[in-house]
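Beneath this line is the structure, given in structure tokens, with notes to follow.
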Amino acid sequence: MPVTRIERPDDLTGDWLTVAVGAGTVERFSTERIGTGQMSECYRVALTYADGADGPASVVLKVAASDPASRQTGLALGLYEREVRFYTDIAPRIGGPVAPCYSSGLDDQTGVFHLLLGDAAPAVAGDEIRGATVDQAMLAMAELGRLHAPLLGQPAMADVDWLNRESPMNQALIAALYAGFVDRYGDEIAPADREVCERLVGSFDAYQAGLSGVVHGLVHGDYRLDNMLFGQQGADRPLTVVDWQTVTWGPALIDVAYFLGCALPDDIRRDNYDALLSAYHDALGPDSALGVDDVREGVRRQAFFGVMMAIVSSMLVERTERGDEMFMTMLRRHCQHVIDTDAMATLPPPAAPDPLRPSADDEGTHHPGAEPLWSESWYADFADEAQGVGGWFRLGMIPNENRAWVNALLCGPDIPTVAVNDFEVALPDDPGEIRTDAFELTQAATDPLQIYHVALRGRGQAYDDPSALLRGEPGRAVDLSIDLHWTTTGTPYQYRITPRYEIPCTVSGTVAVDGRTVEVHAVPGQRDHSWGVRDWWGMDWVWSALHLSDGTHLHGVDIRIPGAPPIGIGYIQPPAGPLVELHAVTAREAFGDNGLPLTTELTLKPGDITATVEIKGHAPVLLTATDGRVSQFPRAWATVTTADGRTGVGWLEWNRNQR
């Protein structure tokens with residue numbers, strides 16, 4: 001085949017299409033964009049054959065998004081791999097509403113992929129808001145039964161890695177998304193629907209755990225009308241289901257419950273409910289392990305999937321007028337489905353999940369993933385308000401770029417900002433000990449989860465104007481040394497949605513610039529350790545770790561993903577009492593023309609803490625991706641005052657993409 005890597009429609013050739021389709025020599029072809037997908041792009045390819053060969057008049061080319069951030073997200077979440085592997089590994093073994101696949105390819109390093117699929121035309125697209133006719137719903141249920149039947153309950157599929165990625169959705173994350181959902185839609189949510197949502201959110205982890213014992217099968221994951229093409233006269237199939245990027249192995253009746261909960265207006269669904277369940281059950285065949293009553297009860301228990309999707313999907317895609325109407329329609333219909341089937345009676349009692357804690361083994365290095373931006377980072381900071389000095393350190397290893405980052409910076413209100421920055425350190429075999437021509441570094445958790453030590457000695461640069469660091473300008477040469485210990489003084493806290501943990505500490509030791517030494521004794525500080533895919537150029541955030549004089553530790557991160565609402569993560573650790581996980585973190589910041597922060601106000605919920613910071617020292621860095629994308633990464637230590645009059649000190653970090 002002349003071309004094996006298809007990234008854009010321009011990569012297609014007549015020779016390649018001739019071999020791929022296999023129906024005759026393709027003499028001419030043309031392409032047009034169809035659909036509005038964000039993670040992928042689809043093009044209809046019209047074909048003209050030489051000598052009147054009898055082949056398909058058109059096919060559909062699906063490729064990765066051209067937007068780098070969307071492509072990185074699709075790659076990191078495994079969406080591209082799942083769809084390609086579905087068409088290559090599973091689709092040939094099953095029936096149902098699946099288009100034939102003529103060609104496929106995937107580069108799991110870059111996210112470049114292609115699928116050349118049979119065209120469903122002529123067809124009518126389903127519409128989630130308008131709803132289906134009864135005949136369309138019956139067809140969708142029968143075709144879903146045909147789709148599920150060959151693999152239903154086969155235990156071997158549970159060992160297929162790409163089909164069994166662990167879902168990031170958990171109670172803490174859905175609680176954060178639901179807070180944004182309520183803030184956005186407010187009075188549009190009926191009281192009865194709000195009760196359904198709050199009951200689900202309050203028991204989500206236990207509810208999910210209860211589904212582990214039900215019959216598993218192939219799950220499309222988004223089996224709804226907007227992903228369906230109903231064939232008209234002349235079409236190859238009566239129904240084609242698209243967008244298999246969310247395919248997984250899980251509770252099989254999720255697809256049934258998800259479709260039935262929203263495909264029809266409530267009264268029509270009720271009038272035809274038994275017939276629709278029977279259409280699905282009959283299509284499973286006479287040898288199915290599920291009786292029609294099993295199907296009914298499974299759909300009842302899994303009816304909450306649609307409620308969850310209405311909340312989650314609305315918060316993770318770009319907001320549009322049609323989207324708002326669709327998500328409110330989904331919520332109302334799915335909640336009514338829950339109420340009609342008395343599914344709330346199946347929910348476990350509401351319970352707040354216990355905070356997660358890292359293990360001692362987590363302090364070490366982790367096996368890297370294949371994703372280009374997989375990284376592992378150790379951060380640590382301190383702030384000595386009395387002596388007017390603060391500092392932060394980072395070691396970041398990016399194994400798939402064969403390099404590491406080392407940053408060590410000191411700053412304060414009456415001193416220059418001093419920085420050792422090297423973004424091209426050769427990837428070390430041992431991250432505990434690194435030597436370059438410019439510096440020597442040792443770092444390790446000498447007592448896991450209790451004591452962490454950093455020692456660095458080298459040649460840095462001093463800046464009277466710290467904003468010069470954001471412009472890539474040189475400073476004046478100085479000697480810098482750091483020898484500090486971080487001692488845990490609070491509860492180590494592990495994130496629920498990404499591999500990362502944060503530990504509030506006290507910090508002691510020495511720092512020195514050009515022979516002037518400052519000794520610090522048990523001052524407030526923070527350290528964290530993370531590993532996994534981290535794209536500094538794909539999203540913005542405001543991170544904070546603050547320590548109040550009454551012994552309270554505050555940590556919050558306001559994550560800002562393009563096209564999605566902010567996500568808040570963090571904790572409040574009072575001096576007495578349990579750690580409280582946050583579900584909303586809001587930062588309101590102001591920046592100067594030089595790119596440095598002027599002030600920031602933080603709001604943390606629950607707890608309703610509002611904190612205003614006064615910046616004392618700037619220590620920013622500039623982050624440049626291999627593809628040229630740039631992010632300004634200001635960091636600063638500050639004093640803090642809460643609305644109730646408490647004071648403290650800590651560090652903040654702003655990641656600001658220069659789009």
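Here's how to read the names in the structure tokens: chain A, B, ... by the order shown, residue numbers from 1 in each chain, ligand numbers from 1 in the order shown.
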- request: May I have the residues within 8 Å of Asp193 in chain A as a VMD selection string, using only C-alpha atoms and disregarding those fewer than 2 positions away in the same chain?
  value: chain A and resid 189 to 191 195 to 197 331 to 332 335 to 336
Need to verify the contact set: Gly291 in chain A, 9 Å, only C-alpha atoms, exclusion of same-chain residues closer than 4 positions in sequence. Can you return it as a CSV table (one decimal) with C-alpha atoms, in the first residue's frame?
chain,number,residue,atom,x,y,z
A,281,HIS,CA,-34.0,-9.9,25.2
A,295,VAL,CA,-32.9,-7.6,32.0
A,296,ARG,CA,-35.6,-5.6,33.7
So which residues touch range 17-27 of chain A within 7 Å, counting only C-alpha atoms, skipping near sequence neighbours fewer than 6 positions away, as an mmCIF file with C-alpha atoms, in the first residue's frame?
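Result written to result17.cif:
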data_model
loop_
_atom_site.group_PDB
_atom_site.id
_atom_site.type_symbol
_atom_site.label_atom_id
_atom_site.label_comp_id
_atom_site.auth_asym_id
_atom_site.auth_seq_id
_atom_site.Cartn_x
_atom_site.Cartn_y
_atom_site.Cartn_z
ATOM 1 C CA MET A 1 0.000 0.000 0.000
ATOM 2 C CA LEU A 47 -15.294 7.636 -4.951
ATOM 3 C CA THR A 48 -15.330 7.345 -8.726
ATOM 4 C CA TYR A 49 -14.039 4.068 -10.211
ATOM 5 C CA ALA A 50 -12.409 3.370 -13.552
ATOM 6 C CA ALA A 53 -16.330 -0.949 -11.149
ATOM 7 C CA ASP A 54 -19.019 -1.819 -8.611
ATOM 8 C CA GLY A 55 -17.766 -0.435 -5.313
ATOM 9 C CA TYR A 102 -11.569 -1.090 5.255
ATOM 10 C CA SER A 103 -8.366 0.201 6.830
#
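Atom to atom, CA of Ile559 in chain A and CA of Leu604 in chain A stand 13.3 Å apart.
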message: I'd like to know which of A:Phe382, A:Trp531, A:Tyr452, A:Trp541 is closest to Ala638 in chain A, using only C-alpha atoms.
response: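 Closest candidate: A:Phe382.
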task: Write out as a ChimeraX atom specification all residues of range 206-384 of chain A that backbone DSSP assigns to strand (DSSP E or B).
output: /A:216-219,228-231,239-241,248-251,356,374-384
Residues of range 65-143 of chain A that have any atom at most 12 Å from an atom of range 299-322 of chain A: could you tabulate them with the shortest-distance atom pair and the distance in Å to one decimal, using only C-alpha atoms, ordered by chain and increasing number, as a tab-separated table?
residue	atom	partner	partner_atom	distance
A:Ser70	CA	A:Val317	CA	11.4
A:Asp127	CA	A:Arg322	CA	11.1
A:Glu128	CA	A:Arg322	CA	10.5
A:Ile129	CA	A:Arg322	CA	8.9
A:Arg130	CA	A:Arg322	CA	11.6
message: I need the residues in range 111-255 of chain A that are helix (DSSP H, G or I) according to DSSP; give them as a PyMOL selection string.
response: chain A and resi 134-148+155-159+161-163+171-188+191-202+204-213+225-227+254-255
Could you make a table, as a Markdown table, of the residues of range 363-459 of chain A that have an atom within 12 Å of an atom of range 612-615 of chain A, each with its nearest atom pair and distance in Å to one decimal, counting only C-alpha atoms, in chain and number order?
| residue | atom | partner | partner_atom | distance |
| --- | --- | --- | --- | --- |
| A:Ala383 | CA | A:Ile615 | CA | 11.5 |
| A:Glu385 | CA | A:Ile615 | CA | 11.2 |
| A:Gly388 | CA | A:Ile615 | CA | 11.4 |
| A:Val389 | CA | A:Ile615 | CA | 11.9 |
| A:Gly390 | CA | A:Ile615 | CA | 11.2 |
| A:Cys411 | CA | A:Ile615 | CA | 11.0 |
| A:Gly412 | CA | A:Ile615 | CA | 9.2 |
| A:Pro413 | CA | A:Ile615 | CA | 8.5 |
Output N, CA, C and O atoms for every residue in that selection, as an mmCIF file, in the first residue's frame.
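Okay, this is what ended up in again.cif:
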data_model
loop_
_atom_site.group_PDB
_atom_site.id
_atom_site.type_symbol
_atom_site.label_atom_id
_atom_site.label_comp_id
_atom_site.auth_asym_id
_atom_site.auth_seq_id
_atom_site.Cartn_x
_atom_site.Cartn_y
_atom_site.Cartn_z
ATOM 1 N N ALA A 383 8.512 28.815 53.102
ATOM 2 C CA ALA A 383 8.348 30.267 53.214
ATOM 3 C C ALA A 383 8.682 30.685 54.640
ATOM 4 O O ALA A 383 8.034 30.237 55.596
ATOM 5 N N GLU A 385 8.569 33.830 56.621
ATOM 6 C CA GLU A 385 8.077 35.207 56.608
ATOM 7 C C GLU A 385 8.966 36.117 57.436
ATOM 8 O O GLU A 385 9.242 37.255 57.039
ATOM 9 N N GLY A 388 12.013 36.904 55.476
ATOM 10 C CA GLY A 388 11.740 37.453 54.154
ATOM 11 C C GLY A 388 12.319 36.646 53.011
ATOM 12 O O GLY A 388 12.789 37.221 52.022
ATOM 13 N N VAL A 389 12.286 35.301 53.133
ATOM 14 C CA VAL A 389 12.823 34.463 52.077
ATOM 15 C C VAL A 389 11.943 33.224 51.909
ATOM 16 O O VAL A 389 11.410 32.680 52.884
ATOM 17 N N GLY A 390 11.771 32.843 50.678
ATOM 18 C CA GLY A 390 11.058 31.606 50.372
ATOM 19 C C GLY A 390 11.700 30.964 49.161
ATOM 20 O O GLY A 390 12.460 31.603 48.415
ATOM 21 N N CYS A 411 13.521 33.607 46.596
ATOM 22 C CA CYS A 411 13.032 34.966 46.352
ATOM 23 C C CYS A 411 12.507 35.560 47.652
ATOM 24 O O CYS A 411 12.306 34.854 48.647
ATOM 25 N N GLY A 412 12.258 36.849 47.646
ATOM 26 C CA GLY A 412 11.694 37.542 48.793
ATOM 27 C C GLY A 412 11.466 39.000 48.473
ATOM 28 O O GLY A 412 11.899 39.503 47.420
ATOM 29 N N PRO A 413 10.823 39.717 49.381
ATOM 30 C CA PRO A 413 10.470 41.119 49.083
ATOM 31 C C PRO A 413 11.668 42.047 48.962
ATOM 32 O O PRO A 413 11.598 43.062 48.272
#
Proximity check range 443-468 of chain A to range 594-599 of chain A, 12 Å, nearest pairs one decimal Å, only C-alpha atoms, as a Markdown table:
| residue | atom | partner | partner_atom | distance |
| --- | --- | --- | --- | --- |
| A:Asp465 | CA | A:Asn594 | CA | 9.8 |
| A:Pro466 | CA | A:Leu596 | CA | 8.4 |
| A:Ser467 | CA | A:Asn594 | CA | 6.0 |
| A:Ala468 | CA | A:Asn594 | CA | 8.6 |
